[in-house]
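Student: Contents are compact mmCIF, C-alpha atoms and all ligand atoms; file name work24.txt:
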```
# COMPACT_ATOMS: atom_id res chain seq x y z
CA MET Y 1 89.39 57.26 65.58
CA ASN Y 2 91.10 54.33 63.91
CA PRO Y 3 94.80 55.19 63.42
CA ASP Y 4 95.47 52.12 61.25
CA ARG Y 5 92.91 52.87 58.58
CA THR Y 6 94.10 54.67 55.47
CA VAL Y 7 92.17 57.87 54.99
CA TYR Y 8 91.29 58.68 51.40
CA LEU Y 9 90.59 62.35 50.76
CA ASP Y 10 91.16 62.36 47.01
CA HIS Y 11 87.74 61.48 45.61
CA ALA Y 12 88.05 64.19 42.96
CA ALA Y 13 90.91 62.17 41.45
CA THR Y 14 88.87 58.99 41.50
CA THR Y 15 86.29 57.56 43.83
CA PRO Y 16 85.82 53.86 44.72
CA VAL Y 17 83.76 51.78 42.31
CA SER Y 18 80.36 51.08 43.86
CA PRO Y 19 79.63 47.42 44.68
CA ARG Y 20 76.55 47.50 42.44
CA ALA Y 21 78.63 48.80 39.55
CA VAL Y 22 81.15 46.01 40.12
CA ASP Y 23 78.33 43.43 40.03
CA ALA Y 24 76.93 44.95 36.83
CA LEU Y 25 80.37 45.03 35.24
CA LEU Y 26 81.11 41.40 36.11
CA ALA Y 27 77.72 40.19 34.90
CA GLU Y 28 78.26 41.84 31.50
CA LEU Y 29 81.86 40.68 31.24
CA ARG Y 30 80.69 37.13 31.81
CA ARG Y 31 77.98 37.47 29.19
CA GLY Y 32 80.20 38.82 26.41
CA GLY Y 33 79.06 39.81 22.93
CA ASN Y 34 79.90 42.71 20.62
CA PRO Y 35 77.03 45.21 20.50
CA SER Y 36 77.60 45.58 16.75
CA SER Y 37 77.23 41.85 16.04
CA LEU Y 38 73.97 40.68 14.54
CA HIS Y 39 73.61 37.32 16.31
CA GLY Y 40 71.96 36.70 19.67
CA ALA Y 41 75.00 37.54 21.82
CA GLY Y 42 75.51 40.75 19.88
CA ARG Y 43 71.87 41.72 20.16
CA ALA Y 44 71.96 41.13 23.92
CA ALA Y 45 75.04 43.34 24.24
CA ARG Y 46 73.33 45.98 22.09
CA ARG Y 47 70.32 45.83 24.40
CA THR Y 48 72.64 46.40 27.37
CA VAL Y 49 74.16 49.42 25.65
CA GLU Y 50 70.82 50.95 24.66
CA GLU Y 51 69.24 50.37 28.08
CA SER Y 52 72.32 51.92 29.64
CA ARG Y 53 72.05 54.87 27.27
CA GLU Y 54 68.43 55.40 28.35
CA SER Y 55 69.41 55.21 31.99
CA VAL Y 56 72.36 57.61 31.59
CA ALA Y 57 70.15 60.03 29.69
CA ALA Y 58 67.44 59.89 32.38
CA SER Y 59 70.03 60.50 35.11
CA LEU Y 60 71.37 63.56 33.29
CA GLY Y 61 68.17 65.13 31.99
CA ALA Y 62 69.07 64.29 28.40
CA ARG Y 63 67.58 62.28 25.55
CA PRO Y 64 69.05 58.85 24.86
CA SER Y 65 69.98 59.96 21.34
CA GLU Y 66 72.11 62.73 22.88
CA VAL Y 67 74.42 60.35 24.76
CA VAL Y 68 77.68 59.46 23.00
CA PHE Y 69 79.67 56.94 25.02
CA THR Y 70 83.40 57.57 25.22
CA ALA Y 71 86.39 56.17 27.06
CA GLY Y 72 86.11 58.81 29.76
CA GLY Y 73 86.16 62.53 30.35
CA THR Y 74 89.36 63.32 28.47
CA GLU Y 75 88.06 61.78 25.27
CA ALA Y 76 84.70 63.52 25.61
CA ASP Y 77 86.43 66.88 26.14
CA ASN Y 78 88.66 66.29 23.10
CA LEU Y 79 85.65 65.37 20.99
CA ALA Y 80 83.79 68.48 22.12
CA VAL Y 81 86.62 70.93 21.51
CA LYS Y 82 88.05 69.46 18.29
CA GLY Y 83 84.77 68.14 16.93
CA LEU Y 84 82.93 71.41 17.43
CA PHE Y 85 85.79 73.47 16.06
CA TRP Y 86 86.02 71.42 12.87
CA GLY Y 87 82.26 71.01 12.62
CA ARG Y 88 81.60 74.73 12.84
CA ARG Y 89 84.54 75.73 10.70
CA THR Y 90 83.58 73.55 7.76
CA ALA Y 91 80.73 75.87 6.82
CA HIS Y 92 82.37 79.07 8.09
CA PRO Y 93 86.18 79.15 7.85
CA GLU Y 94 86.26 82.50 9.65
CA ARG Y 95 85.12 80.85 12.90
CA ARG Y 96 88.55 80.23 14.36
CA ARG Y 97 88.18 81.38 17.94
CA ILE Y 98 87.90 78.87 20.76
CA LEU Y 99 86.82 80.51 24.00
CA VAL Y 100 87.81 78.59 27.13
CA SER Y 101 87.99 79.65 30.74
CA ALA Y 102 91.53 79.96 32.07
CA VAL Y 103 90.76 77.40 34.79
CA GLU Y 104 89.65 74.50 32.57
CA HIS Y 105 91.03 71.03 33.12
CA HIS Y 106 93.91 70.13 30.83
CA ALA Y 107 91.52 67.79 28.99
CA VAL Y 108 89.92 70.95 27.57
CA LEU Y 109 92.87 73.35 27.56
CA ASP Y 110 95.34 71.04 25.84
CA PRO Y 111 93.11 70.10 22.87
CA ALA Y 112 92.32 73.79 22.46
CA PHE Y 113 96.02 74.70 22.38
CA TRP Y 114 96.70 71.74 20.10
CA MET Y 115 94.10 73.11 17.69
CA ALA Y 116 95.87 76.46 17.77
CA GLU Y 117 99.16 74.82 16.90
CA HIS Y 118 97.89 72.39 14.27
CA ALA Y 119 94.51 73.46 12.98
CA GLY Y 120 94.50 77.24 12.75
CA ALA Y 121 92.48 77.93 15.88
CA GLU Y 122 92.85 81.06 17.95
CA ILE Y 123 92.54 80.57 21.70
CA VAL Y 124 90.84 83.12 23.89
CA LEU Y 125 91.44 82.42 27.57
CA LEU Y 126 88.52 83.83 29.51
CA ALA Y 127 89.55 85.54 32.74
CA VAL Y 128 88.37 84.50 36.20
CA ASP Y 129 88.17 86.37 39.49
CA GLY Y 130 90.14 85.66 42.67
CA GLU Y 131 87.86 82.72 43.48
CA GLY Y 132 88.20 81.16 40.03
CA ARG Y 133 84.80 82.37 38.83
CA LEU Y 134 84.39 83.29 35.17
CA ASP Y 135 84.29 87.01 34.37
CA VAL Y 136 80.98 87.03 32.49
CA ALA Y 137 81.33 90.69 31.48
CA ALA Y 138 84.64 89.85 29.77
CA LEU Y 139 82.93 87.01 27.90
CA GLU Y 140 80.12 89.34 26.82
CA SER Y 141 82.52 91.95 25.45
CA GLU Y 142 84.55 89.27 23.69
CA LEU Y 143 81.37 88.01 22.02
CA ALA Y 144 80.18 91.51 21.14
CA ALA Y 145 83.46 92.08 19.30
CA HIS Y 146 84.10 88.64 17.76
CA ALA Y 147 80.96 86.46 17.77
CA ASP Y 148 81.17 85.85 14.02
CA GLU Y 149 84.68 84.47 14.36
CA THR Y 150 83.86 82.22 17.32
CA ALA Y 151 83.61 78.45 16.90
CA LEU Y 152 82.72 77.42 20.44
CA ILE Y 153 82.78 78.25 24.13
CA SER Y 154 83.88 75.75 26.78
CA VAL Y 155 83.40 76.57 30.47
CA MET Y 156 83.48 73.84 33.10
CA TRP Y 157 80.51 73.27 35.40
CA ALA Y 158 82.71 73.19 38.50
CA ASN Y 159 86.44 73.37 38.99
CA ASN Y 160 88.29 70.20 39.93
CA GLU Y 161 90.92 71.96 42.05
CA ILE Y 162 89.28 74.78 43.97
CA GLY Y 163 85.65 73.69 43.62
CA THR Y 164 84.29 76.88 42.06
CA VAL Y 165 80.86 76.45 40.49
CA GLN Y 166 80.74 78.49 37.30
CA PRO Y 167 77.89 80.83 36.29
CA LEU Y 168 76.86 78.59 33.39
CA ASP Y 169 73.40 80.13 33.05
CA ALA Y 170 75.04 83.45 32.26
CA VAL Y 171 77.41 81.81 29.77
CA VAL Y 172 74.53 80.14 27.94
CA ARG Y 173 72.56 83.41 27.97
CA ALA Y 174 75.52 85.31 26.54
CA ALA Y 175 76.13 82.79 23.76
CA ARG Y 176 72.55 82.13 22.69
CA PRO Y 177 71.86 85.32 20.67
CA TYR Y 178 74.87 84.49 18.50
CA GLY Y 179 74.09 80.78 18.11
CA ILE Y 180 77.51 79.82 19.45
CA PRO Y 181 77.58 76.30 20.94
CA VAL Y 182 78.52 76.02 24.60
CA HIS Y 183 80.25 72.94 25.98
CA SER Y 184 80.72 72.30 29.67
CA ASP Y 185 82.99 69.80 31.40
CA ALA Y 186 80.66 68.51 34.14
CA VAL Y 187 83.05 65.78 35.30
CA GLN Y 188 83.29 67.09 38.87
CA ALA Y 189 79.73 68.36 39.05
CA VAL Y 190 77.56 65.32 38.41
CA ALA Y 191 78.08 63.58 41.77
CA GLN Y 192 77.67 66.78 43.76
CA LEU Y 193 75.30 69.21 42.03
CA GLY Y 194 71.97 68.85 40.29
CA VAL Y 195 72.99 68.41 36.65
CA ASP Y 196 70.18 68.57 34.11
CA PHE Y 197 71.39 68.81 30.53
CA ALA Y 198 68.10 70.00 29.00
CA ALA Y 199 67.50 72.60 31.70
CA SER Y 200 71.08 73.87 31.44
CA GLY Y 201 70.65 75.03 27.84
CA LEU Y 202 74.08 73.60 27.03
CA ASP Y 203 74.88 72.15 23.62
CA ALA Y 204 77.39 69.62 24.90
CA MET Y 205 78.49 68.29 28.25
CA THR Y 206 81.25 65.93 29.42
CA VAL Y 207 80.75 63.25 32.06
CA SER Y 208 83.25 60.73 33.42
CA GLY Y 209 82.43 57.41 35.10
CA HIS Y 210 85.24 57.06 37.60
CA LYS Y 211 84.33 60.26 39.43
CA LEU Y 212 80.97 58.80 40.40
CA GLY Y 213 81.43 55.14 41.25
CA ALA Y 214 81.95 53.56 37.82
CA PRO Y 215 85.26 52.09 36.63
CA MET Y 216 87.89 54.22 34.91
CA GLY Y 217 87.81 54.44 31.13
CA VAL Y 218 84.16 55.13 30.50
CA GLY Y 219 82.21 58.37 30.16
CA ALA Y 220 80.08 60.28 27.74
CA LEU Y 221 79.74 63.39 25.71
CA VAL Y 222 76.12 64.49 25.89
CA ALA Y 223 75.47 66.50 22.73
CA THR Y 224 72.29 67.85 21.15
CA ARG Y 225 71.36 66.07 17.93
CA GLY Y 226 71.82 68.95 15.55
CA LEU Y 227 75.25 69.91 16.83
CA PRO Y 228 77.94 69.99 14.12
CA LEU Y 229 80.45 67.53 15.58
CA THR Y 230 83.22 66.25 13.35
CA PRO Y 231 84.43 62.82 14.55
CA VAL Y 232 87.85 62.61 16.12
CA LEU Y 233 88.04 58.80 16.01
CA HIS Y 234 87.32 57.16 12.67
CA GLY Y 235 86.49 53.52 12.07
CA GLY Y 236 83.35 51.42 12.38
CA GLY Y 237 80.95 54.34 12.69
CA GLN Y 238 79.59 53.45 16.14
CA GLU Y 239 77.90 56.04 18.34
CA ARG Y 240 76.08 57.84 15.52
CA SER Y 241 79.36 57.93 13.57
CA VAL Y 242 80.74 60.51 15.96
CA ARG Y 243 82.86 58.09 17.97
CA SER Y 244 84.02 54.94 16.26
CA GLY Y 245 85.17 51.96 18.28
CA THR Y 246 83.44 48.91 19.75
CA VAL Y 247 81.25 50.15 22.57
CA ASP Y 248 82.45 48.74 25.89
CA ALA Y 249 79.12 47.23 26.94
CA PRO Y 250 80.23 46.05 30.42
CA ALA Y 251 81.75 49.45 31.27
CA VAL Y 252 78.78 51.33 29.89
CA ARG Y 253 76.42 49.22 31.99
CA ALA Y 254 78.49 49.82 35.14
CA PHE Y 255 78.54 53.52 34.31
CA ALA Y 256 74.75 53.63 34.02
CA VAL Y 257 74.31 51.77 37.32
CA ALA Y 258 76.77 53.95 39.24
CA LEU Y 259 75.36 57.15 37.77
CA ALA Y 260 71.77 56.24 38.65
CA GLU Y 261 72.84 55.31 42.16
CA THR Y 262 74.83 58.52 42.59
CA VAL Y 263 72.10 60.77 41.25
CA ALA Y 264 69.43 59.12 43.45
CA ALA Y 265 71.52 59.70 46.57
CA ARG Y 266 73.02 62.99 45.49
CA GLU Y 267 71.05 65.49 47.53
CA ALA Y 268 71.46 63.64 50.82
CA THR Y 269 75.13 62.87 50.08
CA ALA Y 270 75.85 66.49 49.19
CA VAL Y 271 74.36 67.75 52.47
CA ARG Y 272 76.30 65.18 54.48
CA LEU Y 273 79.59 65.87 52.69
CA ALA Y 274 79.14 69.64 52.94
CA GLY Y 275 78.90 69.16 56.73
CA LEU Y 276 82.13 67.14 56.79
CA ARG Y 277 83.80 69.64 54.48
CA ASP Y 278 82.77 72.53 56.75
CA ASP Y 279 84.32 70.70 59.72
CA LEU Y 280 87.46 70.14 57.68
CA VAL Y 281 87.71 73.80 56.67
CA ALA Y 282 87.05 75.03 60.21
CA GLY Y 283 89.58 72.55 61.61
CA VAL Y 284 92.34 73.52 59.18
CA ARG Y 285 91.75 77.20 59.90
CA ARG Y 286 91.89 76.58 63.65
CA LEU Y 287 95.03 74.42 63.58
CA VAL Y 288 96.96 76.23 60.83
CA PRO Y 289 95.73 79.82 61.07
CA ASP Y 290 97.82 81.10 58.15
CA ALA Y 291 96.48 78.48 55.73
CA VAL Y 292 94.37 80.16 53.04
CA LEU Y 293 91.18 78.60 51.68
CA ARG Y 294 91.22 78.98 47.88
CA GLY Y 295 88.06 79.20 45.83
CA PRO Y 296 84.76 80.50 47.23
CA GLU Y 297 83.78 80.23 50.88
CA PRO Y 298 81.58 77.18 51.49
CA SER Y 299 78.30 78.07 49.80
CA SER Y 300 76.30 77.14 46.71
CA ASP Y 301 79.21 78.62 44.71
CA ARG Y 302 81.49 75.80 45.80
CA LEU Y 303 81.36 72.03 45.32
CA PRO Y 304 80.13 70.61 48.63
CA ALA Y 305 82.82 67.94 48.81
CA ASN Y 306 85.79 70.16 47.99
CA ALA Y 307 88.24 72.02 50.22
CA HIS Y 308 91.46 73.52 48.96
CA PHE Y 309 94.13 75.36 50.93
CA THR Y 310 97.51 76.89 50.35
CA PHE Y 311 99.98 76.60 53.21
CA PRO Y 312 102.54 79.44 53.19
CA GLY Y 313 106.18 78.39 53.18
CA CYS Y 314 105.36 74.76 52.31
CA GLU Y 315 105.78 72.77 49.12
CA GLY Y 316 102.51 71.01 48.27
CA ASP Y 317 104.37 67.85 47.32
CA SER Y 318 106.14 67.75 50.69
CA LEU Y 319 102.79 68.05 52.43
CA LEU Y 320 101.35 65.33 50.21
CA TYR Y 321 104.17 62.85 50.90
CA LEU Y 322 104.19 63.54 54.62
CA LEU Y 323 100.43 63.12 54.85
CA ASP Y 324 100.65 59.95 52.79
CA SER Y 325 103.19 58.55 55.23
CA ALA Y 326 100.80 59.41 58.04
CA GLY Y 327 98.06 57.42 56.25
CA VAL Y 328 96.15 60.33 54.74
CA GLN Y 329 95.87 60.52 50.95
CA VAL Y 330 95.25 63.91 49.35
CA SER Y 331 96.28 65.75 46.21
CA THR Y 332 98.10 68.94 45.34
CA GLY Y 333 95.63 69.35 42.49
CA SER Y 334 98.34 70.53 40.14
CA ALA Y 335 100.52 68.86 37.58
CA CYS Y 336 104.02 67.59 37.92
CA GLN Y 337 106.08 67.88 34.76
CA ALA Y 338 109.43 66.17 34.31
CA GLY Y 339 109.67 65.62 38.05
CA VAL Y 340 109.25 69.28 38.93
CA PRO Y 341 106.02 70.38 40.62
CA GLN Y 342 104.32 73.10 38.61
CA PRO Y 343 102.20 75.72 40.32
CA SER Y 344 98.60 75.16 39.35
CA HIS Y 345 97.36 77.12 36.33
CA VAL Y 346 94.04 77.41 38.17
CA LEU Y 347 95.58 79.18 41.16
CA LEU Y 348 97.73 81.39 38.95
CA ALA Y 349 94.67 82.36 36.89
CA ALA Y 350 92.90 83.27 40.13
CA GLY Y 351 95.76 85.64 40.93
CA VAL Y 352 97.50 83.54 43.60
CA PRO Y 353 101.23 84.43 43.72
CA GLU Y 354 103.46 81.65 42.44
CA ASP Y 355 105.16 80.95 45.78
CA ASP Y 356 101.82 80.65 47.56
CA ALA Y 357 100.47 78.44 44.77
CA ARG Y 358 103.28 75.95 45.41
CA GLY Y 359 101.91 75.14 48.84
CA ALA Y 360 98.55 73.87 47.60
CA LEU Y 361 96.59 70.87 48.85
CA ARG Y 362 93.17 69.70 47.74
CA PHE Y 363 90.97 67.66 50.07
CA SER Y 364 88.05 66.02 48.31
CA LEU Y 365 85.36 63.89 49.90
CA GLY Y 366 83.11 61.24 48.41
CA ALA Y 367 80.28 58.85 49.13
CA THR Y 368 82.45 56.66 51.36
CA SER Y 369 83.85 59.56 53.44
CA VAL Y 370 83.11 59.61 57.16
CA ALA Y 371 83.76 62.01 60.08
CA ASP Y 372 86.72 59.89 61.18
CA ASP Y 373 88.51 60.78 57.92
CA VAL Y 374 88.38 64.46 58.79
CA ALA Y 375 89.40 63.79 62.39
CA ARG Y 376 92.45 61.79 61.25
CA LEU Y 377 93.52 64.51 58.86
CA LEU Y 378 93.21 67.19 61.51
CA ASP Y 379 95.13 65.03 63.97
CA VAL Y 380 98.23 64.76 61.79
CA LEU Y 381 98.07 68.02 59.81
CA PRO Y 382 99.77 70.45 62.25
CA GLY Y 383 102.85 68.21 62.59
CA VAL Y 384 102.99 67.66 58.84
CA VAL Y 385 102.81 71.39 58.15
CA ASP Y 386 105.61 72.05 60.67
CA ARG Y 387 107.84 69.49 59.00
CA ALA Y 388 107.06 70.70 55.47
CA ARG Y 389 107.68 74.27 56.55
CA SER Y 390 111.07 73.45 57.99
CA ALA Y 391 111.93 71.77 54.69
CA GLY Y 392 110.93 74.98 52.90
CA LEU Y 393 110.00 75.62 49.33
CA ALA Y 394 113.16 74.37 47.64
CA SER Y 395 113.19 70.75 48.72
CA ALA Y 396 110.41 69.04 46.81
CA PRO Y 397 111.86 69.44 43.31
CA ALA Y 398 115.08 67.92 44.58
CA ARG Y 399 113.26 64.98 46.07
CA LEU Y 400 111.21 64.48 42.95
CA GLY Y 401 114.36 64.61 40.85
CA GLU Y 402 115.84 61.86 43.00
CA ARG Y 403 112.74 59.76 42.57
CA ASN Y 404 113.06 60.08 38.82
CA GLY Y 405 116.69 59.03 38.85
CA GLU Y 406 117.95 62.57 38.33
CA ARG Y 407 120.69 64.24 40.33
CA SER Y 408 119.46 66.13 43.32
CA ALA Y 409 120.00 69.86 42.92
CA GLY Y 410 119.00 70.99 46.39
CA PRO Y 411 118.67 70.08 50.04
CA ALA Y 412 117.16 66.71 50.85
CA HIS Y 413 113.47 66.37 51.49
CA PRO Y 414 112.59 65.26 55.01
CA ALA Y 415 112.08 61.51 55.15
CA PRO Y 416 108.32 60.93 55.24
CA SER Y 417 107.39 59.61 58.64
CA GLY Y 418 104.21 58.26 60.14
CA ALA Y 419 105.14 60.03 63.39
CA ALA Y 420 104.50 63.47 61.89
C1 LIG K 501 87.23 68.50 35.40
C2 LIG K 501 87.81 67.26 34.78
N1 LIG K 501 87.71 67.08 33.45
C3 LIG K 501 88.19 65.99 32.86
C4 LIG K 501 88.82 65.00 33.57
C5 LIG K 501 89.35 63.80 32.85
O1 LIG K 501 88.45 62.73 32.98
P1 LIG K 501 88.98 61.23 32.73
O2 LIG K 501 89.89 60.91 33.87
O3 LIG K 501 87.73 60.40 32.73
O4 LIG K 501 89.66 61.20 31.42
C6 LIG K 501 88.97 65.16 34.96
C7 LIG K 501 89.70 64.14 35.74
O5 LIG K 501 90.44 64.47 36.65
C8 LIG K 501 88.43 66.31 35.58
O6 LIG K 501 88.53 66.51 36.90
```
Please go through the file and, once you have read it, give me the structure as structure tokens.
Ligand SMILES: Cc1ncc(COP(=O)(O)O)c(C=O)c1O

Tutor:
Amino acid sequence: MNPDRTVYLDHAATTPVSPRAVDALLAELRRGGNPSSLHGAGRAARRTVEESRESVAASLGARPSEVVFTAGGTEADNLAVKGLFWGRRTAHPERRRILVSAVEHHAVLDPAFWMAEHAGAEIVLLAVDGEGRLDVAALESELAAHADETALISVMWANNEIGTVQPLDAVVRAARPYGIPVHSDAVQAVAQLGVDFAASGLDAMTVSGHKLGAPMGVGALVATRGLPLTPVLHGGGQERSVRSGTVDAPAVRAFAVALAETVAAREATAVRLAGLRDDLVAGVRRLVPDAVLRGPEPSSDRLPANAHFTFPGCEGDSLLYLLDSAGVQVSTGSACQAGVPQPSHVLLAAGVPEDDARGALRFSLGATSVADDVARLLDVLPGVVDRARSAGLASAPARLGERNGERSAGPAHPAPSGAA
């Protein structure tokens, strides 16, 4: 075990850019050219973009013409939710309902709620069970009652916090008789599960580069050709007029390279990471017996590189800072608004009580993870949990307030220490 090495267990937030993607990015940056220009440099950049489109499509089981490059997952989710809503509503104004699972990433939930506030949409939050899995029967009854008023369904492929793999086949089966388009945010799935767009039966799917070894700020919405998608960005009419803006040829090329590399290694990587994850889960349970694994037990229902626990009596942010000081980087998985940690909407939707939800930590592995990472975490975790527990549940908001220049309203947070 190397105590000086920083341990990175937050690959679900972002994973290191692969050396081959860096090389591809640099080569294209050096070459230059706007893919919309008609001269030689432009045509070369266009070739890069189209070859990358073919490669991305092949990696995802899609047709090249179905790949719309975007500046990442958030933009692709926004385009799917807003574009499908407007596209479907143009012909049928009664289609106002947007059906989304209650555990979607904010990149899906927030555009949906924005559409409710500004564009006349009606949001239906689809319930999940205690492991964050969609209640398919509830979706079926919703559709039986309101299919004619439904614009779209969006259910993520796998959850970014608790790793739950959703029953997408059942969602597609439920929607198909009514001709309602189904979008899935596959941002967390692509590096870990076999993702085949054509085989999935989906109408649209979101992918993000920086979760699979490409740089941040590039991704794609994969969308079938006939899908009614109203553009969200207007301008030069790039990307089949659905997404205007100069295509970032270097980023797109790096995305294609990283995706191909990730997909080629995926099966072996997933087996290896599932083994590490199982050791991590077993170790946490042994060392902190009252910690509760959230999401499904390790199985095909859970992302192989994801583990997520709640630690009773602890504030997730305290755990995070203490672990960070001990050289181990993880995530709480939930948002922090105005300096105050918010319990995760995913955990709350799965029925986790609010106090328990505050003690959440997500551990996520990636291609560069090794057994030593898990060993280091397990070495420092018991001490960190003891310290966070003695600080209790009230301290983290106070500490965060201090960090944001606000007055502290509660007892001081324990000073993070590498000796934990
Ligand atoms: C499930 C999911 N969807 C969407 C996003 C947003 O992707 P991006 O960071 O590329 O905008 C993330 C990133 O955390 C995610 O985990």

Student: If you count all atoms listed in the file, which residues fall within 6 Å of Asp203 in chain Y, apart from same-chain ones fewer than 3 positions away, as a list in words?

Tutor: Pro181, Val182, His183, Ala223 and Thr224 of chain Y

Student: Pick from Y:Ala274, Y:Leu365, Y:Ala147, Y:Ala220: nearest to Leu79 in chain Y, with only C-alpha atoms counted?

Tutor: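 The closest residue to Leu79 in chain Y is Y:Ala220.
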
Student: Residues near Ala44 in chain Y, anyone? I mean within 8 Å using only C-alpha atoms, not counting same-chain ones fewer than 4 positions away, as a CSV table (one decimal) with C-alpha atoms, in the coordinates of the input.

Tutor:
```csv
chain,number,residue,atom,x,y,z
Y,33,GLY,CA,79.1,39.8,22.9
Y,35,PRO,CA,77.0,45.2,20.5
Y,40,GLY,CA,72.0,36.7,19.7
Y,48,THR,CA,72.6,46.4,27.4
```

Student: Please check which protein, DNA or RNA residues sit within 10 Å of ligand LIG 501 (chain K), counting all atoms listed in the file, and write them as a PyMOL selection string.

Tutor: chain Y and resi 11-14+70-78+103-108+156-161+163+184-189+206-211+215-220+333

Student: Generate the output file for the selected residues, C-alpha atoms, as a PDB file, in the frame of the given file.

Tutor:
```pdb
ATOM      1  CA  HIS Y  11      87.740  61.480  45.610  1.00  0.00           C
ATOM      2  CA  ALA Y  12      88.050  64.190  42.960  1.00  0.00           C
ATOM      3  CA  ALA Y  13      90.910  62.170  41.450  1.00  0.00           C
ATOM      4  CA  THR Y  14      88.870  58.990  41.500  1.00  0.00           C
ATOM      5  CA  THR Y  70      83.400  57.570  25.220  1.00  0.00           C
ATOM      6  CA  ALA Y  71      86.390  56.170  27.060  1.00  0.00           C
ATOM      7  CA  GLY Y  72      86.110  58.810  29.760  1.00  0.00           C
ATOM      8  CA  GLY Y  73      86.160  62.530  30.350  1.00  0.00           C
ATOM      9  CA  THR Y  74      89.360  63.320  28.470  1.00  0.00           C
ATOM     10  CA  GLU Y  75      88.060  61.780  25.270  1.00  0.00           C
ATOM     11  CA  ALA Y  76      84.700  63.520  25.610  1.00  0.00           C
ATOM     12  CA  ASP Y  77      86.430  66.880  26.140  1.00  0.00           C
ATOM     13  CA  ASN Y  78      88.660  66.290  23.100  1.00  0.00           C
ATOM     14  CA  VAL Y 103      90.760  77.400  34.790  1.00  0.00           C
ATOM     15  CA  GLU Y 104      89.650  74.500  32.570  1.00  0.00           C
ATOM     16  CA  HIS Y 105      91.030  71.030  33.120  1.00  0.00           C
ATOM     17  CA  HIS Y 106      93.910  70.130  30.830  1.00  0.00           C
ATOM     18  CA  ALA Y 107      91.520  67.790  28.990  1.00  0.00           C
ATOM     19  CA  VAL Y 108      89.920  70.950  27.570  1.00  0.00           C
ATOM     20  CA  MET Y 156      83.480  73.840  33.100  1.00  0.00           C
ATOM     21  CA  TRP Y 157      80.510  73.270  35.400  1.00  0.00           C
ATOM     22  CA  ALA Y 158      82.710  73.190  38.500  1.00  0.00           C
ATOM     23  CA  ASN Y 159      86.440  73.370  38.990  1.00  0.00           C
ATOM     24  CA  ASN Y 160      88.290  70.200  39.930  1.00  0.00           C
ATOM     25  CA  GLU Y 161      90.920  71.960  42.050  1.00  0.00           C
ATOM     26  CA  GLY Y 163      85.650  73.690  43.620  1.00  0.00           C
ATOM     27  CA  SER Y 184      80.720  72.300  29.670  1.00  0.00           C
ATOM     28  CA  ASP Y 185      82.990  69.800  31.400  1.00  0.00           C
ATOM     29  CA  ALA Y 186      80.660  68.510  34.140  1.00  0.00           C
ATOM     30  CA  VAL Y 187      83.050  65.780  35.300  1.00  0.00           C
ATOM     31  CA  GLN Y 188      83.290  67.090  38.870  1.00  0.00           C
ATOM     32  CA  ALA Y 189      79.730  68.360  39.050  1.00  0.00           C
ATOM     33  CA  THR Y 206      81.250  65.930  29.420  1.00  0.00           C
ATOM     34  CA  VAL Y 207      80.750  63.250  32.060  1.00  0.00           C
ATOM     35  CA  SER Y 208      83.250  60.730  33.420  1.00  0.00           C
ATOM     36  CA  GLY Y 209      82.430  57.410  35.100  1.00  0.00           C
ATOM     37  CA  HIS Y 210      85.240  57.060  37.600  1.00  0.00           C
ATOM     38  CA  LYS Y 211      84.330  60.260  39.430  1.00  0.00           C
ATOM     39  CA  PRO Y 215      85.260  52.090  36.630  1.00  0.00           C
ATOM     40  CA  MET Y 216      87.890  54.220  34.910  1.00  0.00           C
ATOM     41  CA  GLY Y 217      87.810  54.440  31.130  1.00  0.00           C
ATOM     42  CA  VAL Y 218      84.160  55.130  30.500  1.00  0.00           C
ATOM     43  CA  GLY Y 219      82.210  58.370  30.160  1.00  0.00           C
ATOM     44  CA  ALA Y 220      80.080  60.280  27.740  1.00  0.00           C
ATOM     45  CA  GLY Y 333      95.630  69.350  42.490  1.00  0.00           C
TER      46      GLY Y 333
END
```

Student: Between Y:Arg302, Y:Arg225, Y:Arg277, Y:His308, which has the minimum distance to Asp373 in chain Y (counting all atoms listed in the file)?

Tutor: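 With all atoms listed in the file as the atom set, the closest residue is Y:Arg277.
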
Student: Give the answer as one residue: which of Y:Glu122, Y:Glu315, Y:Asp379, Y:Asp4 has the shortest atom-to-atom distance to Arg97 in chain Y, using all atoms listed in the file?

Tutor: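 Among the listed residues, the smallest separation from Arg97 in chain Y belongs to Y:Glu122.
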
Student: Which residue is closest to Val374 in chain Y? Choose from Y:Leu273, Y:Ala112, Y:Leu126, Y:Leu168 and count all atoms listed in the file.

Tutor: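 Smallest distance to Val374 in chain Y is found for Y:Leu273.
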
Student: Separation of CA of Ser18 in chain Y and CA of Gly366 in chain Y, in Å?

Tutor: 11.5 Å

Student: Tell me which of Y:Ala151, Y:Val281, Y:Ala375, Y:Val165 sits closest to Gly83 in chain Y, counting only C-alpha atoms.

Tutor: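 Ranking Y:Ala151, Y:Val281, Y:Ala375, Y:Val165 by distance to Gly83 in chain Y, first place goes to Y:Ala151.
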
Student: Report, in Å with one decimal, the straight-line distance from CA of Ile98 in chain Y to CA of Val190 in chain Y.

Tutor: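 Between these atoms lies a distance of 24.5 Å.
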
Student: Would you please work out which residue, of Y:Val340, Y:Val385, Y:Ala21, Y:Ala45, is nearest to Asp290 in chain Y when using all atoms listed in the file?

Tutor: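 Among the listed residues, Y:Val385 lies closest to Asp290 in chain Y.
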
Student: Would you mind listing, for every residue of range 140-180 of chain Y within 12 Å of range 227-249 of chain Y, the two atoms forming the shortest contact and the distance between them in Å to one decimal, using all atoms listed in the file, sorted by chain and ascending residue number, as CSV?

Tutor:
```
residue,atom,partner,partner_atom,distance
Y:Ala151,CA,Y:Pro228,CA,10.6
Y:Leu152,CA,Y:Pro228,CA,10.9
Y:Gly179,CA,Y:Leu227,CA,11.0
Y:Ile180,CA,Y:Leu227,CA,10.5
```
